[in-house]
Amino acid sequence: MKTKRILLFCLSTILAPVWAISQTVTLDLDRSIEIASDSSLQAFRAKNLYMANYWEYRSFRAGRLPSLSLRTTPIQYRRDFTQRYDSENNIDVYRRQQSLHTYGNLSISQNFDLTGGTFFIDSELGYMRNFGDNTYSQFSSVPVRIGYSQSLFGFNSFKWEKKIEPLKYEKAKQQFLYAMQEISESAISYFFSLAMAQAEYDMAKENVASSDTLYHIGAKRYKIASISQSDLLTLKLNVVNAQNTLQNTEISLKRAMFGFVSFLNMDKETHVMLELPGRPEKIEISPDLALQYARLNNPDFMGFDQERLEAEREVDRTKKSSNFDASFSVSVGFNQVAGNLTEAYKNPLQQDVVSIGLTVPIVDWGVRKGRANMARNNLNVIKISIQQKEMNLEQDVIMTVNDFNVQQNLISSAEEALELASMAYDVTKERFIIGKTDLNSLILSQERQNRAHQNYILSLRNYWLSYYKLRKLTLYDFLGQEVLSEQFDRIEGVKN
């Protein structure tokens with residue numbers, strides 16, 4: 001009796017709630033993924049990366065709209081000596097000068113993507129006053145002026161930006177969704193690591209209680225010579241091993257718990273009880289359908305298009321920089337000069353400005369030609385590299401679909417195996433108690449039940465990992481039958 005009381009005291013110490021002072025919450029897999037997607041550090045990083053790309057795209061869109069700008073010199077006062085030419089004596093002399101100047105220009109400009117030119121409409125006003133022996137004031141006005149300027153044969157950056165920038169933003173959005181699926185994968189790994197640790201801890205507690213019960217039954221049977229001393233010692237060893245296993249699983253459980261709550265960015269003292277998901281819904285996914293969604297939604301495919309366009313842009317840039325370039329600008333408006341502000345706007349005269357510029361490379365020792373050839377060769381290398389990457393990505397999608405379809409069947413098998421193993425252990429245990437089976441059969445049956453439980457949890461883990469990997473590669477929700485970007489746009493539309 002004394003030994004039994006000591007054993008019960010040890011068991012109560014080991015099995016006492018280790019999270020008594022902690023907050024206890026119950027989470028299922030969906031809720032865990034939801035918290036990870038909202039509160040984990042990885043989620044914060046992904047959201048900030050997306051917002052940086054979002055504002056970059058907003059800047060691009062703003063650059064396509066008319067811009068209004070004001071250039072002004074509110075006041076400029078000068079009193080100094082300046083060099084002047086004395087025509088009577090045919091010499092340069094320094095003369096004292098004192099002046100006040102102010103200037104303002106208000107302009108509206110619009111880039112024209114098709115040609116790469118810029119339209120503008122502006123208006124300006126200037127005022128100048130000289131002090132000294134010959135004091136006078138003048139106003140200079142340009143009531144309105146319309147102009148256009150562009151490069152005739154040069155590189156049109158506007159055209160390439162119009163192709164690349166929307167693709168970059170779309171890729172950034174898909175990259176954000178891709179990162180969120182990676183976070184879901186990590187949440188699944190942490191979830192089932194903790195689920196396995198909790199299951200092993202529960203099995204270890206059950207084994208402690210069961211082995212203790214069996215040992216006392218064995219002790220009674222040993223007194224009547226129903227079992228051998230060797231079997232009794234084995235039962236005693238099982239009690240000791242079960243206690244040691246319980247302590248080890250408790251340590252593993254604490255580590256898994258800490259990793260899980262840290263990943264979810266929850267309070268470190270939180271104790272989580274997990275609810276395992278049930279048998280998933282049976283769905284059939286064809287590789288062709290998965291490939292179709294991957295080509296449409298996967299950010300890597302969009303990245304390939306962006307990489308190709310950027311290489312083609314560089315070819316265009318270097319090619320046009322190796323030839324002569326011509327640019328022109330033209331403006332038509334009105335201007336006037338007068339001694340007062342009112343007169344400066346009366347009867348303005350027409351102002352016409354036409355400018356043509358030429359840039360002709362004569363001798364550069366093949367520098368421009370070499371850069372153009374390098375850009376073309378780089379484009380060919382990128383095309384070959386992209387082709388290989390696309391093949392690898394398509395193969396990954398196909399293999400993931402096949403793995404997912406296999407995992408669905410493995411879950412059913414693992415669930416059936418767990419039921420059979422549990423039934424077999426219960427029967428064997430009862431038969432051992434009444435003396436109709438030996439100890440080795442009981443131990444073997446218990447080990448099979450534990451392995452079946454572990455295999456069932458692993459099969460659930462592998463199923464959900466393969467499913468979310470498939471979501472990541474295709475950015476498509478096969479259970480909800482919806483493109484993830486459509487969900488994202490709908491949610492962002494509600495927020496905005």
# chains A, B, ... in the order shown; residues from 1 in each chain; ligands from 1
>>> select_by_dssp(residues="segment 77-214 of chain A", states="strand (DSSP E or B)", output="JSON, numbers by chain")
{"A": [77, 78, 79, 80, 81, 82, 83, 84, 85, 86, 91, 92, 93, 94, 95, 96, 97, 98, 99, 100, 101, 102, 103, 104, 105, 106, 107, 108, 109, 110, 111, 112, 117, 118, 119, 120, 121, 122, 123, 124, 125, 126, 127, 128, 129, 130, 131, 136, 137, 138, 139, 140, 141, 142, 143, 144, 145, 146, 147, 148, 149, 150, 151]}
>>> write_last_selection(atoms="C-alpha atoms", output="short mmCIF file (atom, residue, chain, number, x, y, z; two decimals), in the first residue's frame")
data_model
loop_
_atom_site.label_atom_id
_atom_site.label_comp_id
_atom_site.auth_asym_id
_atom_site.auth_seq_id
_atom_site.Cartn_x
_atom_site.Cartn_y
_atom_site.Cartn_z
CA TYR A 77 17.13 91.08 -54.92
CA ARG A 78 20.63 91.93 -56.12
CA ARG A 79 23.03 94.78 -55.33
CA ASP A 80 26.47 94.19 -56.71
CA PHE A 81 28.99 95.16 -59.36
CA THR A 82 28.58 93.49 -62.70
CA GLN A 83 30.67 93.48 -65.85
CA ARG A 84 29.34 95.67 -68.68
CA TYR A 85 30.60 96.70 -72.11
CA ASP A 86 31.32 100.39 -72.70
CA ILE A 91 36.18 98.35 -73.06
CA ASP A 92 34.57 96.19 -70.35
CA VAL A 93 33.89 97.99 -67.09
CA TYR A 94 32.34 97.11 -63.75
CA ARG A 95 29.22 99.00 -62.92
CA ARG A 96 27.06 98.99 -59.86
CA GLN A 97 23.66 97.36 -60.28
CA GLN A 98 20.67 97.13 -58.00
CA SER A 99 17.62 95.13 -59.10
CA LEU A 100 14.52 93.31 -57.89
CA HIS A 101 13.10 90.33 -59.79
CA THR A 102 10.13 88.00 -59.36
CA TYR A 103 8.80 85.26 -61.62
CA GLY A 104 6.09 82.58 -61.76
CA ASN A 105 5.06 79.89 -64.24
CA LEU A 106 1.93 77.71 -63.96
CA SER A 107 1.88 74.71 -66.32
CA ILE A 108 -0.16 71.62 -67.10
CA SER A 109 1.65 68.75 -68.81
CA GLN A 110 0.54 65.38 -70.14
CA ASN A 111 2.74 62.52 -71.30
CA PHE A 112 1.69 60.80 -74.52
CA GLY A 117 6.22 63.02 -76.22
CA THR A 118 4.84 65.57 -73.79
CA PHE A 119 2.08 68.17 -74.30
CA PHE A 120 2.02 71.25 -72.12
CA ILE A 121 -0.04 74.38 -71.56
CA ASP A 122 1.43 77.12 -69.41
CA SER A 123 1.16 80.72 -68.40
CA GLU A 124 3.85 82.91 -66.87
CA LEU A 125 4.40 86.34 -65.44
CA GLY A 126 7.63 88.15 -64.60
CA TYR A 127 8.45 91.47 -62.95
CA MET A 128 11.76 93.35 -62.99
CA ARG A 129 12.75 96.65 -61.38
CA ASN A 130 16.11 98.36 -61.70
CA PHE A 131 17.21 100.96 -59.17
CA TYR A 136 12.42 101.65 -64.31
CA SER A 137 10.03 98.67 -63.99
CA GLN A 138 8.80 96.11 -66.48
CA PHE A 139 6.23 93.32 -66.50
CA SER A 140 6.63 90.38 -68.88
CA SER A 141 3.60 88.15 -69.46
CA VAL A 142 2.78 85.01 -71.38
CA PRO A 143 -1.01 84.70 -70.98
CA VAL A 144 -1.12 81.25 -72.59
CA ARG A 145 1.27 78.98 -74.43
CA ILE A 146 0.71 75.51 -75.90
CA GLY A 147 3.59 73.23 -76.80
CA TYR A 148 4.74 69.72 -77.55
CA SER A 149 8.15 68.05 -77.44
CA GLN A 150 9.47 64.59 -78.13
CA SER A 151 12.32 62.48 -79.40
#
>>> closest_atom_pairs(of="segment 230-298 of chain A", to="segment 381-396 of chain A", cutoff="9 Å", atoms="only C-alpha atoms", output="JSON lines")
{"residue": "A:Leu291", "atom": "CA", "partner": "A:Glu394", "partner_atom": "CA", "distance": 6.6}
{"residue": "A:Ala294", "atom": "CA", "partner": "A:Glu394", "partner_atom": "CA", "distance": 8.1}
{"residue": "A:Arg295", "atom": "CA", "partner": "A:Glu394", "partner_atom": "CA", "distance": 8.6}
>>> closest_residue(among="A:Leu68, A:Asn134, A:Ser321, A:Ala197", to="Leu274 of chain A", atoms="only C-alpha atoms")
A:Ala197
>>> residues_around(residues="Ser441 of chain A", least_positions_apart="5", cutoff="12 Å", atoms="only C-alpha atoms", output="list in words")
Ala424, Tyr425, Asp426, Val427, Thr428, Lys429, Glu430, Arg431, Phe432, Gly435, Lys436, Gln446, Glu447 and Arg448 of chain A
>>> atom_distance(atom1="atom CA of Arg221 of chain A", atom2="atom CA of Val208 of chain A")
19.8 Å
>>> residues_around(residues="Gln306 of chain A", least_positions_apart="5", cutoff="8 Å", atoms="only C-alpha atoms", output="tab-separated table (two decimals) with N, CA and C atoms, in the first residue's frame")
chain	number	residue	atom	x	y	z
A	164	ILE	N	4.96	47.25	-68.69
A	164	ILE	CA	5.61	46.54	-67.58
A	164	ILE	C	4.98	46.86	-66.23
A	167	LEU	N	1.88	44.93	-65.15
A	167	LEU	CA	2.25	43.53	-64.93
A	167	LEU	C	3.00	43.38	-63.60
A	168	LYS	N	3.85	44.34	-63.28
A	168	LYS	CA	4.58	44.30	-62.01
A	168	LYS	C	3.62	44.35	-60.83
>>> residues_around(residues="segment 470-482 of chain A", least_positions_apart="5", cutoff="6 Å", atoms="only C-alpha atoms", output="list of chain:residue names")
A:Tyr178, A:Gln181, A:Tyr293, A:Ala294, A:Asn297, A:Asn298
>>> closest_residue(among="A:Leu49, A:Leu264, A:Arg61, A:Asn373", to="Ser186 of chain A", atoms="only C-alpha atoms")
A:Leu264
>>> closest_atom_pairs(of="segment 236-352 of chain A", to="segment 32-48 of chain A", cutoff="10 Å", atoms="only C-alpha atoms", output="Markdown table")
| residue | atom | partner | partner_atom | distance |
| --- | --- | --- | --- | --- |
| A:Phe260 | CA | A:Ser32 | CA | 9.4 |
| A:Val261 | CA | A:Ser40 | CA | 9.7 |
| A:Ser262 | CA | A:Ser40 | CA | 8.3 |
| A:Phe263 | CA | A:Ser40 | CA | 6.0 |
| A:Leu264 | CA | A:Ser40 | CA | 4.9 |
| A:Asn265 | CA | A:Ser40 | CA | 5.3 |
| A:Met266 | CA | A:Ser39 | CA | 8.3 |
| A:Leu274 | CA | A:Ser32 | CA | 9.3 |
>>> atom_distance(atom1="atom CA of Val397 of chain A", atom2="atom CA of Asp300 of chain A")
12.4 Å
